[in-house]
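A.B. asks: Next comes input_12.csv, CSV, C-alpha atoms:
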chain,number,residue,atom,x,y,z
A,1,MET,CA,-15.4,0.8,-13.8
A,2,ASN,CA,-14.6,3.3,-11.1
A,3,ASN,CA,-13.5,1.2,-8.1
A,4,TRP,CA,-13.4,4.1,-5.6
A,5,LYS,CA,-16.0,5.6,-3.3
A,6,VAL,CA,-15.3,9.3,-2.4
A,7,LYS,CA,-16.0,10.3,1.2
A,8,ILE,CA,-15.2,13.8,2.5
A,9,PHE,CA,-14.6,14.4,6.2
A,10,ILE,CA,-14.2,17.5,8.3
A,11,PRO,CA,-11.8,16.7,11.2
A,12,ILE,CA,-13.9,15.8,14.3
A,13,LEU,CA,-13.3,13.5,17.2
A,14,THR,CA,-15.1,10.3,16.4
A,15,LEU,CA,-15.5,7.2,18.6
A,16,LEU,CA,-15.4,3.9,16.7
A,17,SER,CA,-16.4,0.7,18.4
A,18,SER,CA,-16.6,-2.9,17.0
A,19,ILE,CA,-16.9,-6.4,18.3
A,20,VAL,CA,-13.6,-8.1,17.7
A,21,TYR,CA,-13.1,-11.9,17.5
A,22,GLY,CA,-9.6,-13.3,18.2
A,23,GLN,CA,-6.4,-11.7,19.4
A,24,LYS,CA,-4.2,-9.0,17.9
A,25,PRO,CA,-1.0,-10.5,16.3
A,26,ASP,CA,2.3,-9.3,17.7
A,27,VAL,CA,5.5,-9.1,15.7
A,28,ASN,CA,8.8,-9.3,17.7
A,29,GLU,CA,11.6,-10.1,15.3
A,30,LEU,CA,12.6,-10.7,11.6
A,31,SER,CA,15.2,-13.3,10.6
A,32,VAL,CA,16.8,-10.6,8.4
A,33,LYS,CA,16.3,-6.9,8.0
A,34,ARG,CA,17.1,-6.8,4.3
A,35,ALA,CA,17.0,-9.4,1.5
A,36,PRO,CA,16.4,-9.8,-2.2
A,37,ALA,CA,13.0,-10.7,-3.7
A,38,ASN,CA,11.9,-14.3,-3.5
A,39,VAL,CA,14.0,-15.0,-0.4
A,40,THR,CA,12.3,-16.6,2.6
A,41,VAL,CA,12.0,-14.4,5.7
A,42,GLU,CA,11.0,-15.7,9.1
A,43,ILE,CA,8.8,-13.5,11.3
A,44,SER,CA,8.6,-14.4,15.0
A,45,GLY,CA,5.9,-13.2,17.4
A,46,SER,CA,2.6,-14.4,18.7
A,47,ASN,CA,-1.0,-14.9,17.9
A,48,PHE,CA,-0.3,-15.7,14.2
A,49,SER,CA,-3.6,-17.4,13.8
A,50,SER,CA,-4.9,-18.3,10.3
A,51,PRO,CA,-6.2,-16.9,8.1
A,52,LEU,CA,-3.8,-14.0,7.8
A,53,GLN,CA,-2.0,-11.7,5.3
A,54,VAL,CA,1.5,-10.3,5.3
A,55,PHE,CA,2.5,-7.0,3.6
A,56,PHE,CA,5.9,-5.6,2.8
A,57,GLY,CA,5.1,-1.9,2.4
A,58,GLY,CA,2.2,-1.9,-0.1
A,59,THR,CA,2.8,-5.3,-1.6
A,60,GLN,CA,1.3,-8.6,-0.3
A,61,ALA,CA,3.7,-11.5,0.4
A,62,GLN,CA,3.2,-15.2,0.0
A,63,VAL,CA,2.9,-17.0,3.3
A,64,LEU,CA,4.8,-20.3,3.0
A,65,SER,CA,4.1,-21.7,6.5
A,66,SER,CA,2.6,-20.5,9.7
A,67,THR,CA,2.4,-21.5,13.4
A,68,ASP,CA,1.1,-19.4,16.3
A,69,ASN,CA,4.6,-18.0,16.9
A,70,LEU,CA,6.4,-18.2,13.5
A,71,LEU,CA,5.7,-17.2,9.9
A,72,GLU,CA,7.7,-18.0,6.8
A,73,VAL,CA,7.0,-15.7,4.0
A,74,ARG,CA,8.5,-15.0,0.5
A,75,VAL,CA,9.8,-11.4,-0.1
A,76,PRO,CA,7.6,-10.0,-2.9
A,77,ARG,CA,9.0,-8.0,-5.8
A,78,GLY,CA,8.2,-4.3,-5.4
A,79,SER,CA,8.6,-4.3,-1.6
A,80,LEU,CA,8.9,-0.8,-0.1
A,81,TYR,CA,11.1,0.3,2.7
A,82,ASP,CA,8.6,0.0,5.5
A,83,GLU,CA,7.6,-2.1,8.5
A,84,ILE,CA,6.3,-5.6,7.6
A,85,GLU,CA,2.6,-5.8,8.5
A,86,VAL,CA,0.8,-8.9,9.7
A,87,LYS,CA,-3.0,-8.9,9.5
A,88,ASN,CA,-5.5,-11.4,11.1
A,89,LEU,CA,-8.3,-11.7,8.6
A,90,THR,CA,-10.8,-13.0,11.3
A,91,SER,CA,-10.3,-10.2,13.9
A,92,GLN,CA,-9.2,-7.6,11.3
A,93,LEU,CA,-6.4,-6.6,13.7
A,94,MET,CA,-2.9,-5.8,12.5
A,95,ALA,CA,0.6,-5.6,13.8
A,96,LYS,CA,3.8,-4.1,12.4
A,97,ALA,CA,7.5,-5.2,12.8
A,98,PRO,CA,9.5,-3.0,15.2
A,99,TYR,CA,11.7,-1.8,12.4
A,100,PRO,CA,11.6,-1.4,8.6
A,101,PHE,CA,12.6,-4.1,6.1
A,102,MET,CA,14.7,-3.2,3.1
A,103,LEU,CA,14.6,-4.9,-0.3
A,104,SER,CA,18.2,-5.4,-1.5
A,105,TYR,CA,19.4,-6.0,-5.0
A,106,GLY,CA,23.2,-6.7,-4.7
A,107,GLY,CA,25.4,-6.0,-7.7
A,108,GLY,CA,28.2,-3.5,-8.1
A,109,PRO,CA,28.7,0.2,-7.7
A,110,LEU,CA,25.9,2.5,-9.0
A,111,ASN,CA,26.6,3.8,-12.5
A,112,PRO,CA,24.0,6.5,-13.4
A,113,PRO,CA,24.6,6.3,-17.2
A,114,GLN,CA,23.2,2.7,-17.0
A,115,PHE,CA,19.7,4.0,-16.3
A,116,ASP,CA,17.3,3.7,-19.2
A,117,PRO,CA,15.8,6.9,-20.7
A,118,GLN,CA,12.9,8.3,-18.7
A,119,VAL,CA,9.3,7.4,-19.3
A,120,ASP,CA,6.7,10.1,-18.8
A,121,TYR,CA,3.1,9.7,-17.8
A,122,SER,CA,0.7,12.7,-17.7
A,123,SER,CA,-1.3,13.6,-14.7
A,124,GLU,CA,-4.0,16.1,-13.7
A,125,SER,CA,-2.9,19.7,-13.2
A,126,GLY,CA,-0.8,20.6,-10.2
A,127,LEU,CA,0.8,17.3,-9.3
A,128,TYR,CA,2.0,17.8,-5.7
A,129,ASP,CA,2.3,14.4,-4.1
A,130,HIS,CA,2.1,10.7,-4.9
A,131,CYS,CA,2.0,7.3,-3.1
A,132,LEU,CA,2.7,3.7,-4.1
A,133,CYS,CA,0.4,0.8,-3.2
A,134,ASP,CA,-0.8,-2.4,-4.7
A,135,PHE,CA,-4.4,-1.3,-5.0
A,136,ASN,CA,-5.7,-4.3,-6.9
A,137,ARG,CA,-3.6,-6.9,-5.1
A,138,ASP,CA,-2.0,-8.3,-8.2
A,139,GLY,CA,1.5,-8.2,-6.8
A,140,LYS,CA,2.5,-5.0,-8.6
A,141,LEU,CA,2.8,-1.5,-7.2
A,142,ASP,CA,0.4,1.1,-8.5
A,143,ILE,CA,0.6,4.9,-8.2
A,144,ALA,CA,-1.9,7.5,-7.0
A,145,THR,CA,-1.5,11.3,-7.1
A,146,ALA,CA,-2.6,14.4,-5.2
A,147,ASN,CA,-3.2,17.4,-7.5
A,148,ASN,CA,-3.5,21.0,-6.0
A,149,ASN,CA,-4.8,22.6,-9.2
A,150,SER,CA,-7.5,20.1,-10.1
A,151,ASN,CA,-10.7,18.5,-8.7
A,152,PHE,CA,-9.4,15.2,-10.0
A,153,ILE,CA,-6.6,12.8,-9.1
A,154,ASN,CA,-4.9,10.0,-11.1
A,155,VAL,CA,-4.5,6.3,-10.2
A,156,PHE,CA,-1.9,4.7,-12.4
A,157,THR,CA,-2.6,0.9,-12.6
A,158,ASN,CA,0.6,-1.1,-13.1
A,159,THR,CA,-0.1,-3.4,-16.1
A,160,SER,CA,3.5,-4.6,-16.6
A,161,ASN,CA,3.8,-8.2,-17.6
A,162,THR,CA,7.5,-8.5,-18.3
A,163,ILE,CA,10.2,-7.9,-15.7
A,164,GLY,CA,12.1,-4.7,-16.6
A,165,VAL,CA,9.3,-3.4,-18.9
A,166,ILE,CA,7.0,-0.9,-17.1
A,167,SER,CA,3.6,0.1,-18.3
A,168,PHE,CA,0.7,1.9,-16.5
A,169,VAL,CA,-2.9,2.7,-17.4
A,170,SER,CA,-4.2,6.0,-15.9
A,171,SER,CA,-7.6,6.5,-14.4
A,172,ILE,CA,-9.0,9.9,-13.5
A,173,ILE,CA,-10.9,10.0,-10.2
A,174,PRO,CA,-13.1,13.0,-9.3
A,175,VAL,CA,-12.7,14.3,-5.7
A,176,ASN,CA,-14.5,17.6,-6.1
A,177,THR,CA,-11.6,19.6,-4.5
A,178,PRO,CA,-7.9,20.3,-5.1
A,179,THR,CA,-5.7,18.0,-3.0
A,180,LEU,CA,-2.2,18.4,-1.5
A,181,ASN,CA,-0.9,15.3,0.3
A,182,ILE,CA,-1.8,11.6,-0.2
A,183,LYS,CA,-1.3,8.4,1.8
A,184,CYS,CA,-2.5,4.8,1.0
A,185,ALA,CA,-3.4,2.3,3.7
A,186,ASP,CA,-6.0,-0.3,4.5
A,187,VAL,CA,-8.2,2.1,6.5
A,188,ASN,CA,-11.3,-0.1,6.8
A,189,VAL,CA,-9.3,-3.3,7.2
A,190,ASP,CA,-10.9,-5.2,4.3
A,191,GLY,CA,-7.6,-6.2,2.8
A,192,ARG,CA,-7.5,-3.5,0.2
A,193,PRO,CA,-5.4,-0.2,0.5
A,194,ASP,CA,-7.6,2.9,0.5
A,195,ILE,CA,-6.5,6.5,-0.3
A,196,VAL,CA,-6.6,9.5,2.1
A,197,LEU,CA,-5.9,13.0,0.8
A,198,SER,CA,-5.6,16.4,2.4
A,199,LYS,CA,-7.8,19.1,0.9
A,200,SER,CA,-6.2,22.1,-0.8
A,201,GLY,CA,-7.4,25.3,-2.5
A,202,ASN,CA,-10.1,27.4,-0.7
A,203,VAL,CA,-11.0,24.7,1.8
A,204,THR,CA,-8.1,23.2,3.6
A,205,ASN,CA,-9.7,22.0,6.9
A,206,GLY,CA,-10.6,18.6,5.7
A,207,ILE,CA,-9.6,15.3,4.2
A,208,VAL,CA,-10.9,13.1,1.3
A,209,TYR,CA,-11.2,9.4,1.9
A,210,LEU,CA,-11.4,7.1,-1.1
A,211,GLU,CA,-12.6,3.6,-0.2
A,212,ASN,CA,-11.1,0.9,-2.5
A,213,THR,CA,-13.9,-1.3,-3.8
A,214,THR,CA,-11.7,-3.3,-6.2
A,215,THR,CA,-13.0,-6.9,-6.2
A,216,THR,CA,-10.4,-8.8,-8.3
A,217,ALA,CA,-6.9,-8.2,-9.6
A,218,ALA,CA,-6.7,-6.4,-12.9
Show the structure stored in the file as structure tokens.

C.D. replies:
Amino acid sequence: MNNWKVKIFIPILTLLSSIVYGQKPDVNELSVKRAPANVTVEISGSNFSSPLQVFFGGTQAQVLSSTDNLLEVRVPRGSLYDEIEVKNLTSQLMAKAPYPFMLSYGGGPLNPPQFDPQVDYSSESGLYDHCLCDFNRDGKLDIATANNNSNFINVFTNTSNTIGVISFVSSIIPVNTPTLNIKCADVNVDGRPDIVLSKSGNVTNGIVYLENTTTTAA
């Protein structure tokens, strides 16, 4: 099933208004700026009213405890170097930490020969850009592409089940235009990351918005 709705926009000034219930959360401080996966991190701030979600880059974290001013969350595997984001599910308002969080691994010096052989996945023609987000909210990062020589893009769903063993299943999504750059974010604040691409080819003054309509984790 295609879990994406394609919407093409020409850049215009649009006024969006909505009735918002509740207050916007505010993130002031993190107990640590870097930590390994599964470690507990404290997030201090205000207006942490339940229900809420916390994201480390494109990956959702488990909330262990919450008060109005303090959250305890578990660092998820696959966290990206990005600001931690707290989202109030009632008001649909979000806040980000004032600085990025880095997932750390520990260990000794880097030894390039210890990398396993590369694994290749084919994409549509003209692969130019990519982004990583957990599109189906199963705790694993997926990959989406921008392709400047095709009217299609790829979404690679992460189907890995064993730590250290990677597998992806590719889906081809029609966008009816070549694309150049890609970003993923929860644009419509429904808890699922959407895709935004810039148009390429003969028409470059527009963007393509793909609304994520995934209902359950794969």

A.B. asks: Between A:Pro193, A:Pro76, A:Gly164, A:Pro174, which is the closest to Cys131 in chain A once you count all atoms listed in the file?

C.D. replies: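 Checking each of A:Pro193, A:Pro76, A:Gly164, A:Pro174 against Cys131 in chain A, counting all atoms listed in the file, the winner is A:Pro193.
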
A.B. asks: From the options A:Lys183, A:Arg74, A:His130, A:Lys199, which residue's atoms come nearest to Phe56 in chain A, counting all atoms listed in the file?

C.D. replies: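 Among A:Lys183, A:Arg74, A:His130, A:Lys199, it is A:Arg74 that comes nearest to Phe56 in chain A.
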
A.B. asks: Could you put an axis-aligned box around every listed atom of range 27-40 of chain A, padded by 5 Å on each side, and send me its centre and edge lengths in Å to one decimal, as JSON?

C.D. replies:
{"center_x": 11.3, "center_y": -11.7, "center_z": 7.0, "size_x": 21.6, "size_y": 19.8, "size_z": 31.4}

A.B. asks: Which residue gives the smallest distance to Lys96 in chain A among A:Asp26, A:Asp186, A:Asp194, A:Asp129, with all atoms listed in the file counted?

C.D. replies: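 With all atoms listed in the file as the atom set, the closest residue is A:Asp26.
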
A.B. asks: Just give me the gap between CA of Val41 in chain A and CA of Asn158 in chain A in Å, one decimal is fine.

C.D. replies: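 Answer for the CA of Val41 in chain A to CA of Asn158 in chain A separation: 25.7 Å.
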
A.B. asks: For Ala95 in chain A, list every protein, DNA or RNA residue within 8 Å, evaluated using all atoms listed in the file, and leave out those in the same chain fewer than 4 positions away; present the list as a list in words.

C.D. replies: Lys24, Pro25, Asp26, Val27, Glu85, Val86 and Lys87 of chain A

A.B. asks: Taking only C-alpha atoms into account, name the residue in A:Gly206, A:Gly107, A:Gly139, A:Gly57 that is nearest to Glu83 in chain A.

C.D. replies: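 That would be A:Gly57, the residue with the smallest distance to Glu83 in chain A.
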
A.B. asks: Taking into account all atoms listed in the file, which residue in the set A:Leu89, A:Ala35, A:Leu127, A:Leu64 is nearest to Arg192 in chain A?

C.D. replies: A:Leu89

A.B. asks: Would you pick out the contacts of Glu29 in chain A at 7 Å or less, using all atoms listed in the file, so that residues sharing its chain but fewer than 2 positions from it are not included, and give the list as a PyMOL selection string?

C.D. replies: chain A and resi 27+31+43-45+97

A.B. asks: I'd like to know which of A:Val169, A:Ile163, A:Val119, A:Leu110 is closest to Asp142 in chain A, using only C-alpha atoms.

C.D. replies: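 Closest candidate: A:Val169.
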
A.B. asks: Name all residues at most 10 Å from range 134-137 of chain A (count only C-alpha atoms; drop same-chain ones fewer than 6 positions away) and give them as a PyMOL selection string.

C.D. replies: chain A and resi 3+57-60+78+143-144+155-158+184-186+191-195+212-218

A.B. asks: To one decimal place in Å, what is the distance between CA of Thr90 in chain A and CA of Asn28 in chain A?

C.D. replies: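 Spanning CA of Thr90 in chain A to CA of Asn28 in chain A is a straight-line distance of 20.9 Å.
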
A.B. asks: CA of Ser65 in chain A to CA of Val32 in chain A: how many Å, to one decimal?

C.D. replies: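 CA of Ser65 in chain A sits 17.0 Å away from CA of Val32 in chain A.
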
A.B. asks: Counting all atoms listed in the file, what is within 8 Å of Ser198 in chain A, bar same-chain residues fewer than 2 positions away, as a PyMOL selection string?

C.D. replies: chain A and resi 179-182+196+200+204+206-208
